[in-house]
Structures are given as C-alpha cells and as structure tokens.
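All remarks here apply to the structure that follows.
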Amino acid sequence: MEVSELDVIFEDNHLIAVNKRSGDIVQGDKTNDMPLSEQVKDYIRVKYNKTGNVFCGLIHRIDRPVSGVVIFAKTSKALTRMNQLVHDRQIHKRYWAIVKKLPAIPHNTLVHYLYKDERKNKIFVSKDPKDGYLRAELTYQYLISSDTYHLLDIELITGRHHQIRAQLAAMGSPIRGDVKYGFPRPNQDASICLHARSLSFIHPVTLHTILINANPPDERLWNHFVDKLNLRE
C-alpha cells in the first residue's frame, strides 16, 4: 500500500486512526508482510517531513481478514493513557457482522467461555466456566436484511481473541466467509464480513468525547446494507 492510499479517518497531535482494509496486518508477524503500524509511520514521516525514528504506539489489534477502525498513539504519553483506557474498558468498540442465519432473538447478550488453541490459532467455546477458559461477553442487535444475509451490530464488553467470530458461530450464526468458524465457503478476497465500525472514548489528553466511524469496504453486499441504512458518508 502506498502512503497516499492509507485511509486516515482521525488524526490530532496525539492519536491517529485508520480504516484498515481486510488483508492488512496490524502488527508484524512471521509473514514479513508490511504491517499497518509501519504504514502509519511512513505516513507520519512523509506528511510531517520527519527524519529518523517515528513513534507509533500500538493500542489494539483487529484480525487480518477483518476491516475497520484501528487507532494508534503518536506519543508515548498518549499510548500510556490509551492503554489505561483499554485496561479499564473505557474504549467502546462496535462492529458490524454479516451472517446468513438470522439469530432467533433480535437483540441479546452472549456470555461464553473461550479457550485459545495456540497451535491452531483457533478459539473453542464453552457455555460453562472451565479451567483455562476466559469469560467473553458481547451484545448484538439485528439491524437489517438483504434477500439472503443479515447485518448485526455488535458491542464488545470483553476483548478476547477471535471473540465475535467464535461467539456468533457458537450461536449458530457464523460470519460470512469465516470458514475457520463454520461458514461453508470463503469470500473470494479471503476477507470475512466483520467490520470494526466505531470506537468511542474520552480523549486522554484533551478530555473531549471522541467517536470515530469507519465505512465498510466498498463491496456489493456491504454497499447494499450501507445504502439501505442511508449511512453513506
């Protein structure tokens, strides 16, 4: 990705938020593909004509096949304070998910217990507490349907690995394209139809209320839902 293609959706002296494309990785891994964190550094280096090292603090991650808002800190002070907000669950995250099977209850809270298999990089779900399993909670709200698929709005209460993917699958509504968690076929571009729609929090320096929205991918099904909701920005 060229620096000019980076979709920056919020920026001030302390923080920068990007609308991540599905397929991009947030932080470097064994693939050695260029991570979003390095792309943001390049953006800052070019925009502000900086030389030498550029600070870009990682605050949170979203999975590689997931799109949507990711926020970074531009200063160490902002990173420390944002990490505290994460710890205190004061950053509110909303996601949109496209599923084929409509949940029986249109608005509900899901509580499960999750175990991560490190070797398979996969989450296993229990309805009851077990040793080694972590409690996971989210709420979902049915929004709208197409002829075949349904759009859910999800608010994370906890932030576990693959939490939304695993919990929706355990409910019987795996996310479109997510073959790891039971959807029958992948999306052509290897994405899954899970989008980090928004982040909201009290800015750790200015103390202003911040709401950052990220538009879904420019793709036929996503566009159908955006148009029906009249949310074109």
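Residue numbers start at 1 in each chain; chains themselves are named A, B, ... in the order of the structure tokens; ligands are numbered from 1 in the order shown.
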Contacts between stretch 147-171 of chain A and stretch 80-128 of chain A, please, where a residue of stretch 80-128 of chain A counts if it comes within 6 Å (with only C-alpha atoms); show its shortest atom pair and distance in Å to one decimal, rows by chain and ascending number, as a Markdown table.
| residue | atom | partner | partner_atom | distance |
| --- | --- | --- | --- | --- |
| A:Lys93 | CA | A:Leu156 | CA | 5.8 |
| A:Arg94 | CA | A:Glu155 | CA | 4.6 |
| A:Tyr95 | CA | A:Ile154 | CA | 5.0 |
| A:Trp96 | CA | A:Asp153 | CA | 4.8 |
| A:Ala97 | CA | A:Leu152 | CA | 5.2 |
| A:Ile98 | CA | A:Leu151 | CA | 4.7 |
| A:Val99 | CA | A:His150 | CA | 5.3 |
| A:Lys100 | CA | A:Tyr149 | CA | 4.6 |
Contact residues around A:Ser200 with only C-alpha atoms at 6 Å, ignoring same-chain residues under 2 positions, as a VMD selection string: chain A and resid 91 to 92 210 to 211
Go ahead and write the residues just picked, N, CA and C atoms, as an mmCIF file, in the first residue's frame.
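Generated file (out.cif):
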data_model
loop_
_atom_site.group_PDB
_atom_site.id
_atom_site.type_symbol
_atom_site.label_atom_id
_atom_site.label_comp_id
_atom_site.auth_asym_id
_atom_site.auth_seq_id
_atom_site.Cartn_x
_atom_site.Cartn_y
_atom_site.Cartn_z
ATOM 1 N N ILE A 91 -12.754 2.147 26.305
ATOM 2 C CA ILE A 91 -12.831 2.346 24.860
ATOM 3 C C ILE A 91 -13.938 1.438 24.354
ATOM 4 N N HIS A 92 -14.961 2.028 23.809
ATOM 5 C CA HIS A 92 -16.155 1.282 23.424
ATOM 6 C C HIS A 92 -16.086 0.942 21.938
ATOM 7 N N ILE A 210 -14.685 11.447 21.930
ATOM 8 C CA ILE A 210 -14.283 11.119 20.563
ATOM 9 C C ILE A 210 -15.121 9.943 20.067
ATOM 10 N N LEU A 211 -15.687 10.091 18.887
ATOM 11 C CA LEU A 211 -16.364 8.999 18.199
ATOM 12 C C LEU A 211 -15.777 8.901 16.795
#
Considering only C-alpha atoms, tabulate each residue of stretch 66-108 of chain A that lies at most 10 Å from stretch 29-46 of chain A along with its nearest interatomic pair and the corresponding distance in Å to one decimal; arrange the rows by chain and ascending residue number and present them as CSV.
residue,atom,partner,partner_atom,distance
A:Val70,CA,A:Leu36,CA,9.1
A:Ile71,CA,A:Ser37,CA,9.7
A:Phe72,CA,A:Ser37,CA,7.9
A:Lys74,CA,A:Ile44,CA,8.9
Residues flagged alpha helix (DSSP H) by DSSP in stretch 17-165 of chain A, as an MDAnalysis selection string: chainID A and resid 36:47 76:87 163:165
Once you have the residues from the selection above, write them out as a PDB file, in the first residue's frame, restricted to N, CA and C atoms.
ATOM      1  N   LEU A  36       0.366  -2.543   9.239  1.00  0.00           N
ATOM      2  CA  LEU A  36      -0.269  -1.235   9.264  1.00  0.00           C
ATOM      3  C   LEU A  36       0.519  -0.251  10.120  1.00  0.00           C
ATOM      4  N   SER A  37       1.101  -0.727  11.206  1.00  0.00           N
ATOM      5  CA  SER A  37       1.876   0.158  12.082  1.00  0.00           C
ATOM      6  C   SER A  37       3.031   0.824  11.327  1.00  0.00           C
ATOM      7  N   GLU A  38       3.678   0.085  10.434  1.00  0.00           N
ATOM      8  CA  GLU A  38       4.774   0.667   9.650  1.00  0.00           C
ATOM      9  C   GLU A  38       4.247   1.608   8.575  1.00  0.00           C
ATOM     10  N   GLN A  39       3.078   1.288   8.019  1.00  0.00           N
ATOM     11  CA  GLN A  39       2.465   2.186   7.037  1.00  0.00           C
ATOM     12  C   GLN A  39       2.118   3.529   7.680  1.00  0.00           C
ATOM     13  N   VAL A  40       1.628   3.471   8.926  1.00  0.00           N
ATOM     14  CA  VAL A  40       1.309   4.708   9.642  1.00  0.00           C
ATOM     15  C   VAL A  40       2.578   5.507   9.917  1.00  0.00           C
ATOM     16  N   LYS A  41       3.640   4.831  10.296  1.00  0.00           N
ATOM     17  CA  LYS A  41       4.914   5.529  10.496  1.00  0.00           C
ATOM     18  C   LYS A  41       5.366   6.239   9.226  1.00  0.00           C
ATOM     19  N   ASP A  42       5.249   5.546   8.093  1.00  0.00           N
ATOM     20  CA  ASP A  42       5.632   6.164   6.825  1.00  0.00           C
ATOM     21  C   ASP A  42       4.767   7.372   6.511  1.00  0.00           C
ATOM     22  N   TYR A  43       3.474   7.249   6.786  1.00  0.00           N
ATOM     23  CA  TYR A  43       2.548   8.365   6.569  1.00  0.00           C
ATOM     24  C   TYR A  43       2.975   9.581   7.388  1.00  0.00           C
ATOM     25  N   ILE A  44       3.264   9.365   8.666  1.00  0.00           N
ATOM     26  CA  ILE A  44       3.670  10.468   9.543  1.00  0.00           C
ATOM     27  C   ILE A  44       4.999  11.048   9.074  1.00  0.00           C
ATOM     28  N   ARG A  45       5.918  10.169   8.675  1.00  0.00           N
ATOM     29  CA  ARG A  45       7.243  10.624   8.238  1.00  0.00           C
ATOM     30  C   ARG A  45       7.133  11.527   7.002  1.00  0.00           C
ATOM     31  N   VAL A  46       6.303  11.118   6.055  1.00  0.00           N
ATOM     32  CA  VAL A  46       6.154  11.898   4.825  1.00  0.00           C
ATOM     33  C   VAL A  46       5.354  13.177   5.074  1.00  0.00           C
ATOM     34  N   LYS A  47       4.232  13.064   5.774  1.00  0.00           N
ATOM     35  CA  LYS A  47       3.344  14.229   5.972  1.00  0.00           C
ATOM     36  C   LYS A  47       4.040  15.339   6.739  1.00  0.00           C
ATOM     37  N   SER A  76       4.279   8.807  23.366  1.00  0.00           N
ATOM     38  CA  SER A  76       4.331   7.816  24.439  1.00  0.00           C
ATOM     39  C   SER A  76       3.322   8.150  25.538  1.00  0.00           C
ATOM     40  N   LYS A  77       3.106   9.431  25.786  1.00  0.00           N
ATOM     41  CA  LYS A  77       2.114   9.825  26.797  1.00  0.00           C
ATOM     42  C   LYS A  77       0.721   9.363  26.390  1.00  0.00           C
ATOM     43  N   ALA A  78       0.369   9.588  25.131  1.00  0.00           N
ATOM     44  CA  ALA A  78      -0.946   9.151  24.648  1.00  0.00           C
ATOM     45  C   ALA A  78      -1.071   7.636  24.705  1.00  0.00           C
ATOM     46  N   LEU A  79       0.011   6.919  24.382  1.00  0.00           N
ATOM     47  CA  LEU A  79      -0.028   5.459  24.428  1.00  0.00           C
ATOM     48  C   LEU A  79      -0.282   4.964  25.844  1.00  0.00           C
ATOM     49  N   THR A  80       0.423   5.511  26.811  1.00  0.00           N
ATOM     50  CA  THR A  80       0.244   5.094  28.206  1.00  0.00           C
ATOM     51  C   THR A  80      -1.195   5.329  28.661  1.00  0.00           C
ATOM     52  N   ARG A  81      -1.733   6.481  28.324  1.00  0.00           N
ATOM     53  CA  ARG A  81      -3.092   6.810  28.773  1.00  0.00           C
ATOM     54  C   ARG A  81      -4.144   5.997  28.028  1.00  0.00           C
ATOM     55  N   MET A  82      -3.925   5.738  26.748  1.00  0.00           N
ATOM     56  CA  MET A  82      -4.872   4.906  25.998  1.00  0.00           C
ATOM     57  C   MET A  82      -4.822   3.461  26.485  1.00  0.00           C
ATOM     58  N   ASN A  83      -3.636   2.971  26.806  1.00  0.00           N
ATOM     59  CA  ASN A  83      -3.534   1.616  27.358  1.00  0.00           C
ATOM     60  C   ASN A  83      -4.313   1.487  28.662  1.00  0.00           C
ATOM     61  N   GLN A  84      -4.318   2.558  29.459  1.00  0.00           N
ATOM     62  CA  GLN A  84      -5.096   2.537  30.696  1.00  0.00           C
ATOM     63  C   GLN A  84      -6.588   2.501  30.388  1.00  0.00           C
ATOM     64  N   LEU A  85      -7.013   3.234  29.364  1.00  0.00           N
ATOM     65  CA  LEU A  85      -8.422   3.182  28.963  1.00  0.00           C
ATOM     66  C   LEU A  85      -8.803   1.779  28.504  1.00  0.00           C
ATOM     67  N   VAL A  86      -7.916   1.141  27.769  1.00  0.00           N
ATOM     68  CA  VAL A  86      -8.169  -0.243  27.344  1.00  0.00           C
ATOM     69  C   VAL A  86      -8.310  -1.141  28.566  1.00  0.00           C
ATOM     70  N   HIS A  87      -7.379  -1.005  29.494  1.00  0.00           N
ATOM     71  CA  HIS A  87      -7.401  -1.828  30.712  1.00  0.00           C
ATOM     72  C   HIS A  87      -8.692  -1.624  31.492  1.00  0.00           C
ATOM     73  N   GLN A 163     -13.094 -13.230  19.463  1.00  0.00           N
ATOM     74  CA  GLN A 163     -14.299 -13.357  20.299  1.00  0.00           C
ATOM     75  C   GLN A 163     -15.594 -13.307  19.495  1.00  0.00           C
ATOM     76  N   ILE A 164     -15.764 -12.276  18.667  1.00  0.00           N
ATOM     77  CA  ILE A 164     -17.012 -12.142  17.916  1.00  0.00           C
ATOM     78  C   ILE A 164     -17.187 -13.329  16.980  1.00  0.00           C
ATOM     79  N   ARG A 165     -16.124 -13.708  16.315  1.00  0.00           N
ATOM     80  CA  ARG A 165     -16.190 -14.812  15.358  1.00  0.00           C
ATOM     81  C   ARG A 165     -16.635 -16.101  16.057  1.00  0.00           C
TER      82      ARG A 165
END
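Proximity to A:Ile123 was assessed for A:His14, A:Ala136, A:Arg220, A:Ile62 counting only C-alpha atoms; the smallest distance is recorded for A:Ala136.
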DSSP-assigned strand (DSSP E or B) among stretch 41-154 of chain A, expressed as a PyMOL selection string: chain A and resi 57-58+67-73+92-99+107-117+122-126+134-145+150-154
Write to file, as a PDB file, in the first residue's frame, the residues of the selection just made, with C-alpha atoms.
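Final output, selection.pdb:
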ATOM      1  CA  GLY A  57       2.245   3.106  19.552  1.00  0.00           C
ATOM      2  CA  LEU A  58       0.012   0.095  19.061  1.00  0.00           C
ATOM      3  CA  SER A  67     -11.704  -4.409   8.163  1.00  0.00           C
ATOM      4  CA  GLY A  68     -12.335  -1.230  10.091  1.00  0.00           C
ATOM      5  CA  VAL A  69     -11.033   1.316  12.548  1.00  0.00           C
ATOM      6  CA  VAL A  70      -7.648   0.839  14.222  1.00  0.00           C
ATOM      7  CA  ILE A  71      -6.149   3.582  16.375  1.00  0.00           C
ATOM      8  CA  PHE A  72      -2.506   4.298  17.166  1.00  0.00           C
ATOM      9  CA  ALA A  73      -0.760   6.691  19.536  1.00  0.00           C
ATOM     10  CA  HIS A  92     -16.155   1.282  23.424  1.00  0.00           C
ATOM     11  CA  LYS A  93     -15.976  -0.843  20.287  1.00  0.00           C
ATOM     12  CA  ARG A  94     -18.799  -1.564  17.866  1.00  0.00           C
ATOM     13  CA  TYR A  95     -18.621  -3.992  14.984  1.00  0.00           C
ATOM     14  CA  TRP A  96     -20.857  -4.914  12.081  1.00  0.00           C
ATOM     15  CA  ALA A  97     -21.125  -8.558  11.065  1.00  0.00           C
ATOM     16  CA  ILE A  98     -22.914 -10.137   8.109  1.00  0.00           C
ATOM     17  CA  VAL A  99     -24.398 -13.567   8.818  1.00  0.00           C
ATOM     18  CA  HIS A 107     -31.253  -8.260  20.495  1.00  0.00           C
ATOM     19  CA  ASN A 108     -29.347 -10.243  23.077  1.00  0.00           C
ATOM     20  CA  THR A 109     -26.267 -10.567  25.273  1.00  0.00           C
ATOM     21  CA  LEU A 110     -23.971 -13.536  24.744  1.00  0.00           C
ATOM     22  CA  VAL A 111     -21.742 -14.907  27.504  1.00  0.00           C
ATOM     23  CA  HIS A 112     -19.360 -17.756  26.748  1.00  0.00           C
ATOM     24  CA  TYR A 113     -16.035 -19.084  27.981  1.00  0.00           C
ATOM     25  CA  LEU A 114     -13.233 -19.214  25.422  1.00  0.00           C
ATOM     26  CA  TYR A 115     -10.069 -21.270  25.148  1.00  0.00           C
ATOM     27  CA  LYS A 116      -7.368 -20.408  22.618  1.00  0.00           C
ATOM     28  CA  ASP A 117      -5.571 -23.273  20.899  1.00  0.00           C
ATOM     29  CA  LYS A 122      -8.484 -21.040  16.969  1.00  0.00           C
ATOM     30  CA  ILE A 123     -10.922 -20.438  19.799  1.00  0.00           C
ATOM     31  CA  PHE A 124     -13.002 -23.173  21.393  1.00  0.00           C
ATOM     32  CA  VAL A 125     -16.197 -22.201  23.158  1.00  0.00           C
ATOM     33  CA  SER A 126     -17.914 -23.443  26.294  1.00  0.00           C
ATOM     34  CA  LEU A 134     -11.745 -16.907  29.720  1.00  0.00           C
ATOM     35  CA  ARG A 135     -15.144 -15.261  30.111  1.00  0.00           C
ATOM     36  CA  ALA A 136     -16.328 -13.416  26.997  1.00  0.00           C
ATOM     37  CA  GLU A 137     -19.331 -11.121  26.696  1.00  0.00           C
ATOM     38  CA  LEU A 138     -20.898  -9.127  23.895  1.00  0.00           C
ATOM     39  CA  THR A 139     -24.273  -7.728  22.933  1.00  0.00           C
ATOM     40  CA  TYR A 140     -25.709  -7.842  19.435  1.00  0.00           C
ATOM     41  CA  GLN A 141     -28.576  -6.061  17.720  1.00  0.00           C
ATOM     42  CA  TYR A 142     -30.186  -7.108  14.455  1.00  0.00           C
ATOM     43  CA  LEU A 143     -30.185  -4.166  12.028  1.00  0.00           C
ATOM     44  CA  ILE A 144     -31.399  -5.115   8.550  1.00  0.00           C
ATOM     45  CA  SER A 145     -31.535  -7.890   5.941  1.00  0.00           C
ATOM     46  CA  HIS A 150     -28.451 -10.240   7.793  1.00  0.00           C
ATOM     47  CA  LEU A 151     -26.497  -7.376   9.344  1.00  0.00           C
ATOM     48  CA  LEU A 152     -25.790  -7.377  13.080  1.00  0.00           C
ATOM     49  CA  ASP A 153     -24.447  -4.522  15.201  1.00  0.00           C
ATOM     50  CA  ILE A 154     -22.180  -5.805  17.971  1.00  0.00           C
TER      51      ILE A 154
END
d(atom CA of A:Ile212, atom CA of A:Phe10) in Å: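 Answer for the atom CA of A:Ile212 to atom CA of A:Phe10 separation: 7.0 Å.
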Within 8 Å of A:Pro103 using only C-alpha atoms, minus same-chain residues under 2 positions, as JSON, numbers by chain: {"A": [101, 105, 106, 171, 172, 173]}
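Of the residues under consideration (A:Lys180, A:His224, A:His60, A:His203), A:His224 shows the shortest atom-to-atom contact distance to A:Ser146 when counting only C-alpha atoms.
Straight-line separation from atom CA of A:Pro216 to atom CA of A:Asp178: 16.9 Å.
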Selected residue of minimal separation from A:Leu6 among A:Leu207, A:Ile59, A:Val66, A:Val18, counting only C-alpha atoms: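 Using only C-alpha atoms, A:Leu6 sits closest to A:Val18.
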